[in-house]
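Read through the structure below, which is laid out as structure tokens, and then see the notes.
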Amino acid sequence: MAKQAPQSDPAQDAPQVGAPHHAAAGLPAVGHSLRMAGEQMGARRALSTLLKVNQQDGFDCPGCAWPEPDKPHLAEFCENGAKAVAEEATERRINREFFAAHPVAELAERSGYWLGQQGRLTEPMLLDEGATHYVPVSWDRAFAIVAEELKALDTPDGAAFYTSGRTSNEAAFAYQLFARQLGTNNLPDCSNMCHESSGSALTETLGVGKGSVSLKDLYQADLIIVAGQNPGTNHPRMLSALERAKRAGAKIVSVNPLPEAGLERFKNPQNARGLVGHGTKLTDLFLQIRLGGDLALFRALNQLLLKADGAVDHDFIAEHCLGFEDFAAEAASTDTAEVLAATGLPYEQIEELARLVLASDKIIVCWAMGLTQHKHAVPTIREVVNFLLLRGNVGRPGAGVCPVRGHSNVQGDRTMGIFERPSQAFLDSLGKEFAFEPPREHGLDAVDTIRAMRDGKVKVFFAMGGNFVAASPDTEVTEAAMRRCRLTVHVSTKLNRSHVITGSRALILPTLGRTDKDRTSQGDQFVTVEDSMGLVHSSRGGLRPPSSELLSEVAIVCRLARAALGPQTPGNPGGVPWEDFAESYDTVRDRIARVIPGFEDFNTKVRAPGGFALPHGPRDSRTFPTHTGKANFTVNPLTAPEVPAGRLLLQTLRSHDQYNTTIYGLDDRYRGITGGRRVVLVNPADAAELGLAEGAYVDLVSEWTDGVDRRAPHFKVVHYPVARGGAAAYYPETNVLVPLDSTADISNTPTSKAVVIRFEAAAG
Ligand SMILES: Nc1nc2c(c(=O)[nH]1)N[C@H]1C(S)=C(S)[C@@H](COP(=O)(O)OP(=O)(O)OC[C@H]3O[C@@H](n4cnc5c(=O)[nH]c(N)nc54)[C@H](O)[C@@H]3O)O[C@H]1N2
Ligand SMILES: Nc1nc2c(c(=O)[nH]1)N[C@H]1C(S)=C(S)[C@@H](COP(=O)(O)OP(=O)(O)OC[C@H]3O[C@@H](n4cnc5c(=O)[nH]c(N)nc54)[C@H](O)[C@@H]3O)O[C@H]1N2
Ligand SMILES: [Mo]
């Protein structure tokens, strides 16, 4: 039997601190995943469900976007994937009695952890104007309310349609079509806060805003650089790929302000050696870089390579690239003193990395939030591309760019048109297929949506999944912005903070998750997703849905579209067969096949075992669909975050027991922290200078040019081997510290890895 949800809300600021681990996974990971799954689902349901994860007839793990190998292991999931599955497939339920018992004001005082622990949502709920409690509402009435509020807007741009990255391709395609038929490109998504910097940098330099490598490339690489990523926690199955690469002779370099356990040593839980032995040592060279020092590192590396004999692939550059001379001149001017200050690394380590590079024919660079969430994130990633282009490491086996995506279908959602700045070609194709004129003006991204709500310009906020209030920066500003809306709507599986910080009216629309069986009048339906490496495959849930009231995301979009756009029969301008879409996802896929390049014969190709790979010009044929038609070198002046004396730079990161804003538990096992989340990790030398005793309680106060002090109270100081000058604490508790206007140049991504803070003794 599954255990009941906790009644009380445990204190989160009294953690225990032990020694950090030096290896990831192994037997403890297996034990943790099964225990948590058993608590939420009961042992039998847990086992049968977990055996379906990432199998060809099963469902795509809602954990992360890491691809499945050709021949999946019998248990192709990881500890954290199992937690994500258990979180969704839990047997706990939230019913109308729950909402009757808890006023919204009380729920707003609860932690995100407690809210999530209550179970799956089971019926549509309405919080009416002036009401204190959510009450049940019929689906028809719910859609009528949204339609009514949309009609009352002066302009369609008064609405914003957010997407979190779990939404299937079919739902995403229908959703963006609905928004554009309504007349707006306001389609912000979690990507705006995540890998947008990668998309911006890669589109400009290579012409495709996605990674250029497959799993096979990783297995063939000579050198893999992992910068700004913690795969042991966030992409555990990547460790299996790194282990395999390592056994084939690859060298692995990790660039990180923290010594992350997963990158040091990996005990593969899928084989006996990993379960009981010492595991595989993964990292050959660890560069403990200062926060935001990566641009300086790659500039210095490029400078060294330009000086080395025969290091530059002149043939590749002459045939495929532009801008090499300007880049080379800039790189040659790199000032070593500036590099040392920005990176905090001994120069010998950078030289050692250069030697590894020169000894390697095929190189891959992997990265995640450690590179993307900085003010200079886009130039940093552009400089990574310069580094790879220099030696022709794009568009051949074993080499390329590997931005490791987060949400399991965040890449697919973008491919389907979830983007506030769609290309004209995409809009042309969409408009032609459905005989309507899509809006051409760019819409709002996540940060601009918050500004527009704050300023009263966006009045209807609709979210397809996610937890916008908790995931966004500047929590107080974002919450006030949400409260100014006329209507906030969330299509969700679980209760979260965004349901209780609401507009004048609010709706919770409960939906099926990945693990649930999706049955319509046309039989069992499956959906499709695209992984981090551009492979599209199907996902089919098998569990009985938590309630017969739930609709799929596709059905919700289609019924809403019908209610908001009015009756349109096929053949009429703008006619979309919404009813067919809702009943048969093949009919959605047939349209995707006609609108989006690479999806021709979608319904046939996706039924092949393992699905199919989307075309990728740079990878497949060294064709670069950039504005110049070539791969572009870029000039990226050296910058690094500036931190005044007496302050540290804070990065906000994930613990081992969370999925973004979903908190599974209060432990961060690999970092040795248990029983709480309100900790701040500080280097002992910095702590000594700042007078921060181990175990002391402090308030974190961020400083920004607007002069406002943003405060996160009561964090326990932990002395930890982080790079000097930086500190680390968990997201989302620290989002209150990230100023809304502190965003990356070009991509507008919040600088969640670079917040200047001071410490004040905590009250009480
Ligand atoms: N279990 C689990 N899996 C997840 C998620 C989750 O929350 N839980 N989230 C998913 C999502 S949406 C995403 S985007 C990914 C996130 O995956 P990650 O990017 O791995 O997540 P973070 O915890 O933000 O970790 C950032 C890493 O970058 C390092 N870092 C920070 N700043 C810098 C820097 O300036 N330079 C360098 N070189 N390193 C730096 C940090 O020390 C840390 O190791 O994971 C996905 N998978
Ligand atoms: N300070 C700071 N802020 C950050 C980050 C950071 O590193 N630091 N990281 C950023 C990143 S990388 C990201 S991606 C964003 C994440 O932002 P979001 O994607 O908005 O947040 P999540 O926490 O992943 O959303 C969790 C909610 O999604 C709903 N959900 C889960 N599964 C489904 C489903 O199948 N369908 C539907 N409709 N709903 C579902 C559940 O109700 C759950 O409560 O946060 C960003 N914010
Ligand atoms: Mo993300």
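We name chains A, B, ... following the order of the structure tokens; residues begin at 1 in each chain, and ligands are numbered from 1 as shown.
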request  = May I have the residues within 7 Å of segment 413-426 of chain A as a PyMOL selection string, using only C-alpha atoms and disregarding those fewer than 2 positions away in the same chain?
outcome  = chain A and resi 165+167+169+172-173+176+185-188+409-411+428-430+442-445
ask   = Counting only C-alpha atoms and all ligand atoms, what residues are within 6 Å of ligand 2, given as a PyMOL selection string?
value = chain A and resi 164-167+190-191+193-194+464-468+471-472+491-496+511+513-514+652-653+660-662+731-732+735+752
Selected residues, C-alpha atoms, written as a PDB file, in the first residue's frame, please.
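Resulting contents of part10.pdb:
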```pdb
ATOM      1  CA  SER A 164       6.499  23.875 -19.557  1.00  0.00           C
ATOM      2  CA  GLY A 165       8.595  21.323 -21.406  1.00  0.00           C
ATOM      3  CA  ARG A 166       6.689  18.117 -20.714  1.00  0.00           C
ATOM      4  CA  THR A 167       3.923  18.839 -23.168  1.00  0.00           C
ATOM      5  CA  CYS A 190      10.353  27.315 -19.703  1.00  0.00           C
ATOM      6  CA  SER A 191      13.081  27.342 -22.345  1.00  0.00           C
ATOM      7  CA  MET A 193      14.572  30.487 -18.450  1.00  0.00           C
ATOM      8  CA  CYS A 194      16.639  27.465 -19.430  1.00  0.00           C
ATOM      9  CA  MET A 464       0.204  24.345 -20.155  1.00  0.00           C
ATOM     10  CA  GLY A 465       1.965  22.669 -17.245  1.00  0.00           C
ATOM     11  CA  GLY A 466       4.804  24.034 -15.153  1.00  0.00           C
ATOM     12  CA  ASN A 467       4.863  26.198 -12.086  1.00  0.00           C
ATOM     13  CA  PHE A 468       5.406  29.689 -13.415  1.00  0.00           C
ATOM     14  CA  ALA A 471      10.129  28.919 -11.503  1.00  0.00           C
ATOM     15  CA  SER A 472      10.303  32.595 -12.450  1.00  0.00           C
ATOM     16  CA  VAL A 491      -3.341  22.724 -16.870  1.00  0.00           C
ATOM     17  CA  SER A 492      -1.625  20.532 -14.306  1.00  0.00           C
ATOM     18  CA  THR A 493      -1.096  17.101 -12.890  1.00  0.00           C
ATOM     19  CA  LYS A 494      -0.172  18.158  -9.352  1.00  0.00           C
ATOM     20  CA  LEU A 495      -0.970  21.042  -7.049  1.00  0.00           C
ATOM     21  CA  ASN A 496       1.675  23.770  -6.928  1.00  0.00           C
ATOM     22  CA  THR A 511      -4.721  16.481 -17.019  1.00  0.00           C
ATOM     23  CA  GLY A 513       0.455  12.605 -17.360  1.00  0.00           C
ATOM     24  CA  ARG A 514       2.966  10.534 -19.327  1.00  0.00           C
ATOM     25  CA  THR A 652      20.864  28.901  -7.610  1.00  0.00           C
ATOM     26  CA  LEU A 653      20.930  25.195  -8.397  1.00  0.00           C
ATOM     27  CA  ASN A 660      12.729  21.971 -10.723  1.00  0.00           C
ATOM     28  CA  THR A 661      10.018  23.344  -8.430  1.00  0.00           C
ATOM     29  CA  THR A 662       8.817  19.863  -7.467  1.00  0.00           C
ATOM     30  CA  TYR A 731      16.210  27.040  -6.450  1.00  0.00           C
ATOM     31  CA  PRO A 732      13.265  27.879  -6.102  1.00  0.00           C
ATOM     32  CA  ASN A 735      14.287  32.904  -6.793  1.00  0.00           C
ATOM     33  CA  SER A 752      20.034  32.455 -12.055  1.00  0.00           C
TER      34      SER A 752
END
```
query = Residues of segment 119-309 of chain A in alpha helix (DSSP H) according to DSSP, as JSON, numbers by chain?
reply = {"A": [139, 140, 141, 142, 143, 144, 145, 146, 147, 148, 149, 150, 151, 169, 170, 171, 172, 173, 174, 175, 176, 177, 178, 179, 180, 181, 182, 196, 197, 198, 199, 200, 201, 202, 203, 204, 205, 215, 216, 217, 218, 219, 220, 231, 232, 233, 234, 236, 237, 238, 239, 240, 241, 242, 243, 244, 245, 246, 247, 261, 262, 263, 264, 272, 273, 274, 275, 276, 294, 295, 296, 297, 298, 299, 300, 301, 302, 303, 304, 305, 306, 307]}
message = Hey, which residues sit close to ligand 1? Say within 7 Å, counting only C-alpha atoms and all ligand atoms, and write them as JSON, numbers by chain.
response = {"A": [63, 64, 80, 81, 194, 195, 227, 228, 229, 230, 231, 233, 234, 235, 255, 256, 257, 258, 260, 289, 290, 291, 292, 293, 294, 368, 369, 370, 371, 405, 406, 407, 651, 652, 653, 654, 655, 656, 657, 658, 659, 660, 753]}
Grab the residues selected above and save them as a tab-separated table (two decimals), in the first residue's frame with N, CA and C atoms.
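The result, stored in out_17.tsv:
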```
chain	number	residue	atom	x	y	z
A	63	GLY	N	11.41	12.49	-16.64
A	63	GLY	CA	12.54	13.05	-15.89
A	63	GLY	C	13.36	14.04	-16.69
A	64	CYS	N	14.02	13.58	-17.74
A	64	CYS	CA	14.85	14.54	-18.48
A	64	CYS	C	14.85	14.19	-19.95
A	80	ASN	N	16.60	9.30	-10.29
A	80	ASN	CA	15.76	10.48	-10.34
A	80	ASN	C	14.63	10.37	-11.34
A	81	GLY	N	14.82	9.54	-12.37
A	81	GLY	CA	13.69	9.24	-13.26
A	81	GLY	C	12.61	8.48	-12.49
A	194	CYS	N	15.84	28.70	-19.47
A	194	CYS	CA	16.64	27.46	-19.43
A	194	CYS	C	17.72	27.51	-20.50
A	195	HIS	N	17.45	26.90	-21.68
A	195	HIS	CA	18.49	26.81	-22.72
A	195	HIS	C	18.34	27.87	-23.80
A	227	ALA	N	30.76	21.13	-19.13
A	227	ALA	CA	30.90	22.43	-18.47
A	227	ALA	C	29.56	22.91	-17.95
A	228	GLY	N	29.50	23.25	-16.67
A	228	GLY	CA	28.27	23.85	-16.15
A	228	GLY	C	27.10	22.90	-16.15
A	229	GLN	N	27.35	21.69	-15.73
A	229	GLN	CA	26.27	20.70	-15.73
A	229	GLN	C	26.54	19.70	-14.61
A	230	ASN	N	25.46	19.20	-14.00
A	230	ASN	CA	25.59	18.22	-12.92
A	230	ASN	C	24.82	16.95	-13.29
A	231	PRO	N	25.37	16.17	-14.21
A	231	PRO	CA	24.61	15.03	-14.72
A	231	PRO	C	24.29	13.98	-13.66
A	233	THR	N	23.00	14.19	-10.90
A	233	THR	CA	21.69	14.45	-10.36
A	233	THR	C	20.66	14.70	-11.46
A	234	ASN	N	21.02	15.49	-12.46
A	234	ASN	CA	20.02	15.99	-13.40
A	234	ASN	C	19.88	15.20	-14.70
A	235	HIS	N	20.90	14.45	-15.04
A	235	HIS	CA	20.81	13.59	-16.23
A	235	HIS	C	21.57	12.29	-15.93
A	255	VAL	N	34.24	21.02	-15.95
A	255	VAL	CA	34.47	22.44	-15.65
A	255	VAL	C	33.31	22.87	-14.77
A	256	ASN	N	33.58	23.15	-13.51
A	256	ASN	CA	32.49	23.40	-12.57
A	256	ASN	C	33.05	24.05	-11.30
A	257	PRO	N	32.31	24.97	-10.72
A	257	PRO	CA	32.77	25.55	-9.44
A	257	PRO	C	32.66	24.54	-8.30
A	258	LEU	N	31.88	23.46	-8.52
A	258	LEU	CA	31.70	22.45	-7.47
A	258	LEU	C	32.27	21.12	-7.94
A	260	GLU	N	31.30	17.89	-8.43
A	260	GLU	CA	30.04	17.15	-8.36
A	260	GLU	C	30.33	15.66	-8.37
A	289	ILE	N	36.33	26.10	-11.72
A	289	ILE	CA	36.28	27.46	-12.26
A	289	ILE	C	35.42	28.35	-11.37
A	290	ARG	N	35.71	29.64	-11.40
A	290	ARG	CA	34.82	30.59	-10.73
A	290	ARG	C	33.52	30.73	-11.52
A	291	LEU	N	32.45	31.08	-10.82
A	291	LEU	CA	31.17	31.32	-11.50
A	291	LEU	C	31.37	32.34	-12.62
A	292	GLY	N	30.86	32.01	-13.79
A	292	GLY	CA	30.90	32.96	-14.91
A	292	GLY	C	32.26	33.08	-15.57
A	293	GLY	N	33.21	32.17	-15.26
A	293	GLY	CA	34.56	32.28	-15.82
A	293	GLY	C	34.74	31.54	-17.14
A	294	ASP	N	33.69	30.92	-17.65
A	294	ASP	CA	33.85	30.03	-18.81
A	294	ASP	C	34.22	30.76	-20.10
A	368	ALA	N	25.03	22.76	-19.65
A	368	ALA	CA	23.64	23.02	-19.24
A	368	ALA	C	23.60	24.38	-18.53
A	369	MET	N	22.86	24.46	-17.42
A	369	MET	CA	22.53	25.76	-16.84
A	369	MET	C	23.73	26.56	-16.33
A	370	GLY	N	24.85	25.88	-16.04
A	370	GLY	CA	26.04	26.61	-15.58
A	370	GLY	C	26.57	27.57	-16.64
A	371	LEU	N	26.25	27.31	-17.91
A	371	LEU	CA	26.66	28.25	-18.96
A	371	LEU	C	25.52	29.16	-19.40
A	405	ARG	N	19.53	19.20	-22.72
A	405	ARG	CA	18.22	19.82	-22.39
A	405	ARG	C	17.68	19.31	-21.08
A	406	GLY	N	16.75	20.07	-20.53
A	406	GLY	CA	16.18	19.70	-19.25
A	406	GLY	C	14.91	18.90	-19.38
A	407	HIS	N	13.79	19.58	-19.51
A	407	HIS	CA	12.49	18.92	-19.59
A	407	HIS	C	12.46	17.94	-20.75
A	651	GLN	N	24.99	31.25	-7.03
A	651	GLN	CA	24.30	30.46	-8.07
A	651	GLN	C	23.16	29.70	-7.41
A	652	THR	N	22.03	29.63	-8.13
A	652	THR	CA	20.86	28.90	-7.61
A	652	THR	C	20.77	27.60	-8.39
A	653	LEU	N	20.84	26.48	-7.69
A	653	LEU	CA	20.93	25.19	-8.40
A	653	LEU	C	19.99	24.17	-7.80
A	654	ARG	N	20.05	22.95	-8.33
A	654	ARG	CA	19.13	21.89	-7.94
A	654	ARG	C	19.77	20.95	-6.92
A	655	SER	N	18.98	20.47	-5.99
A	655	SER	CA	19.45	19.42	-5.09
A	655	SER	C	19.15	18.07	-5.74
A	656	HIS	N	19.59	17.02	-5.11
A	656	HIS	CA	19.36	15.68	-5.67
A	656	HIS	C	17.91	15.24	-5.51
A	657	ASP	N	17.16	15.90	-4.65
A	657	ASP	CA	15.78	15.47	-4.34
A	657	ASP	C	14.74	16.45	-4.88
A	658	GLN	N	14.93	16.94	-6.06
A	658	GLN	CA	13.91	17.84	-6.60
A	658	GLN	C	13.86	17.69	-8.11
A	659	TYR	N	12.72	18.05	-8.66
A	659	TYR	CA	12.65	18.24	-10.11
A	659	TYR	C	12.16	19.67	-10.33
A	660	ASN	N	13.06	20.55	-10.62
A	660	ASN	CA	12.73	21.97	-10.72
A	660	ASN	C	11.98	22.40	-9.46
A	753	LYS	N	22.43	31.99	-12.26
A	753	LYS	CA	23.71	31.51	-11.74
A	753	LYS	C	24.64	32.68	-11.38
```
ask   = Could you name the residues that touch Ile94 of chain A at 6 Å or less, counting only C-alpha atoms, but leaving out those on the same chain fewer than 2 positions away, as a PyMOL selection string?
value = chain A and resi 119-121
query = By how many Å are atom CA of Glu600 of chain A and atom CA of Gly617 of chain A apart?
reply =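 Between these atoms lies a distance of 16.5 Å.
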Close residues, Asn603 of chain A itself excluded, 9 Å, only C-alpha atoms, min 3 positions apart in chain, as a short mmCIF file (atom, residue, chain, number, x, y, z; two decimals) with all heavy atoms, in the first residue's frame:
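Full text of part_26.cif as output:
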```
data_model
loop_
_atom_site.label_atom_id
_atom_site.label_comp_id
_atom_site.auth_asym_id
_atom_site.auth_seq_id
_atom_site.Cartn_x
_atom_site.Cartn_y
_atom_site.Cartn_z
N ASP A 586 -3.41 10.83 -34.61
CA ASP A 586 -2.87 10.66 -35.97
C ASP A 586 -3.26 11.85 -36.84
O ASP A 586 -2.49 12.28 -37.70
CB ASP A 586 -3.43 9.37 -36.60
CG ASP A 586 -2.62 8.14 -36.18
OD1 ASP A 586 -1.57 8.31 -35.52
OD2 ASP A 586 -3.04 7.02 -36.50
N ARG A 589 -0.90 14.57 -36.17
CA ARG A 589 0.42 14.26 -36.77
C ARG A 589 0.41 14.45 -38.28
O ARG A 589 1.41 14.89 -38.86
CB ARG A 589 0.84 12.84 -36.38
CG ARG A 589 1.34 12.77 -34.94
CD ARG A 589 1.93 11.40 -34.61
NE ARG A 589 0.91 10.39 -34.41
CZ ARG A 589 0.34 10.10 -33.23
NH1 ARG A 589 0.72 10.74 -32.14
NH2 ARG A 589 -0.58 9.17 -33.13
N ASP A 590 -0.73 14.13 -38.92
CA ASP A 590 -0.80 14.36 -40.37
C ASP A 590 -0.58 15.83 -40.71
O ASP A 590 0.03 16.17 -41.72
CB ASP A 590 -2.17 13.91 -40.92
CG ASP A 590 -2.24 12.40 -41.05
OD1 ASP A 590 -1.17 11.76 -41.09
OD2 ASP A 590 -3.37 11.86 -41.09
N ALA A 593 3.04 16.86 -40.13
CA ALA A 593 3.84 16.36 -41.25
C ALA A 593 3.84 17.35 -42.41
O ALA A 593 4.82 17.47 -43.14
CB ALA A 593 3.28 15.01 -41.72
N PHE A 599 9.22 16.15 -40.70
CA PHE A 599 8.16 15.29 -40.18
C PHE A 599 7.33 14.63 -41.29
O PHE A 599 6.25 14.09 -41.03
CB PHE A 599 7.24 16.08 -39.23
CG PHE A 599 7.87 16.34 -37.89
CD1 PHE A 599 8.73 17.42 -37.72
CD2 PHE A 599 7.65 15.49 -36.82
CE1 PHE A 599 9.34 17.66 -36.49
CE2 PHE A 599 8.25 15.72 -35.59
CZ PHE A 599 9.10 16.81 -35.43
N GLU A 600 7.83 14.68 -42.53
CA GLU A 600 7.12 14.02 -43.63
C GLU A 600 6.88 12.56 -43.23
O GLU A 600 7.76 11.93 -42.61
CB GLU A 600 7.96 14.09 -44.91
CG GLU A 600 8.30 15.51 -45.39
CD GLU A 600 9.43 16.18 -44.60
OE1 GLU A 600 10.16 15.47 -43.88
OE2 GLU A 600 9.58 17.41 -44.71
N VAL A 606 7.10 7.34 -37.10
CA VAL A 606 7.13 7.27 -35.65
C VAL A 606 6.74 5.88 -35.14
O VAL A 606 7.00 5.54 -33.99
CB VAL A 606 6.23 8.37 -35.03
CG1 VAL A 606 4.76 7.98 -35.05
CG2 VAL A 606 6.71 8.67 -33.62
N ARG A 607 6.15 5.08 -36.03
CA ARG A 607 5.78 3.72 -35.62
C ARG A 607 6.93 2.73 -35.79
O ARG A 607 6.83 1.58 -35.38
CB ARG A 607 4.53 3.27 -36.38
CG ARG A 607 3.27 3.94 -35.83
CD ARG A 607 2.04 3.61 -36.63
NE ARG A 607 0.81 3.90 -35.92
CZ ARG A 607 0.21 5.08 -35.86
NH1 ARG A 607 0.74 6.12 -36.48
NH2 ARG A 607 -0.91 5.24 -35.18
#
```
query = When distances are computed from only C-alpha atoms and all ligand atoms, which of A:Asp189, A:Glu583, A:Asp361, A:Asp315 shows the smallest separation from ligand 3?
reply =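 Of all the options, A:Asp189 lies closest to ligand 3.
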Counting only C-alpha atoms and all ligand atoms, the residue of A:Gly541, A:Gly575, A:Gly665, A:Pro403 that sits nearest ligand 3 = A:Pro403
ask   = Counting only C-alpha atoms, what is within 7 Å of segment 460-463 of chain A, bar same-chain residues fewer than 5 positions away, as a list in words?
value = Gly158, Ala159, Ala160, Phe161, Tyr162, Thr163, Cys485, Arg486, Leu487, Thr488, Val489, His490 and Val491 of chain A
query = Counting only C-alpha atoms and all ligand atoms, which of A:Ile592, A:Ile363, A:Ala65, A:Leu223 gets nearest to ligand 3?
reply =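 Result for the nearest residue to ligand 3: A:Ala65.
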inquiry  = Can you tell me, as a PyMOL selection string, which residues in segment 530-732 of chain A count as strand (DSSP E) by DSSP?
reply    = chain A and resi 530+535-539+612-613+631-632+648-653+658-659+662-663+673-674+679-682+697-702+710-719+726-730
query = Using only C-alpha atoms, which of A:Lys459, A:His537, A:Arg591, A:Arg711 sits nearest Thr475 of chain A?
reply =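 Of the candidates, the smallest distance to Thr475 of chain A is held by A:Arg711.
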Which residues of segment 231-291 of chain A sit at most 12 Å from segment 18-42 of chain A, using only C-alpha atoms? Give each one's shortest atom pair and distance in Å (one decimal place), in chain and ascending residue order, as a tab-separated table.
```
residue	atom	partner	partner_atom	distance
A:Pro231	CA	A:Ala24	CA	9.7
A:Gly232	CA	A:Ala24	CA	6.0
A:Thr233	CA	A:Ala24	CA	8.4
A:Asn234	CA	A:Ala24	CA	11.7
A:His235	CA	A:Ala24	CA	11.6
A:Pro236	CA	A:Ala25	CA	8.1
A:Arg237	CA	A:Ala25	CA	10.1
A:Met238	CA	A:Ala24	CA	11.8
A:Leu239	CA	A:Ala24	CA	8.9
A:Ser240	CA	A:Ala25	CA	10.5
A:Glu243	CA	A:Ala24	CA	12.0
A:Leu258	CA	A:Pro20	CA	10.7
A:Pro259	CA	A:His22	CA	8.4
A:Glu260	CA	A:His22	CA	7.7
A:Ala261	CA	A:His22	CA	4.6
A:Gly262	CA	A:Ala24	CA	4.5
A:Leu263	CA	A:Ala23	CA	7.7
A:Glu264	CA	A:Ala23	CA	6.0
A:Arg265	CA	A:Ala23	CA	4.4
A:Phe266	CA	A:Ala24	CA	5.0
A:Lys267	CA	A:Gly26	CA	4.6
A:Asn268	CA	A:Gly26	CA	5.8
A:Pro269	CA	A:Gly26	CA	4.8
A:Gln270	CA	A:Gly26	CA	8.6
A:Asn271	CA	A:Gly26	CA	9.2
A:Ala272	CA	A:Gly26	CA	9.4
A:Arg273	CA	A:Gly26	CA	9.2
A:Gly274	CA	A:Gly26	CA	5.7
A:Leu275	CA	A:Gly26	CA	4.7
A:Val276	CA	A:Leu27	CA	7.2
A:Gly277	CA	A:Gly26	CA	8.6
A:His278	CA	A:Ala23	CA	8.5
A:Gly279	CA	A:Ala23	CA	7.8
A:Thr280	CA	A:Ala23	CA	8.8
A:Lys281	CA	A:Ala23	CA	8.4
A:Leu282	CA	A:Ala23	CA	9.5
A:Thr283	CA	A:Ala23	CA	11.0
```
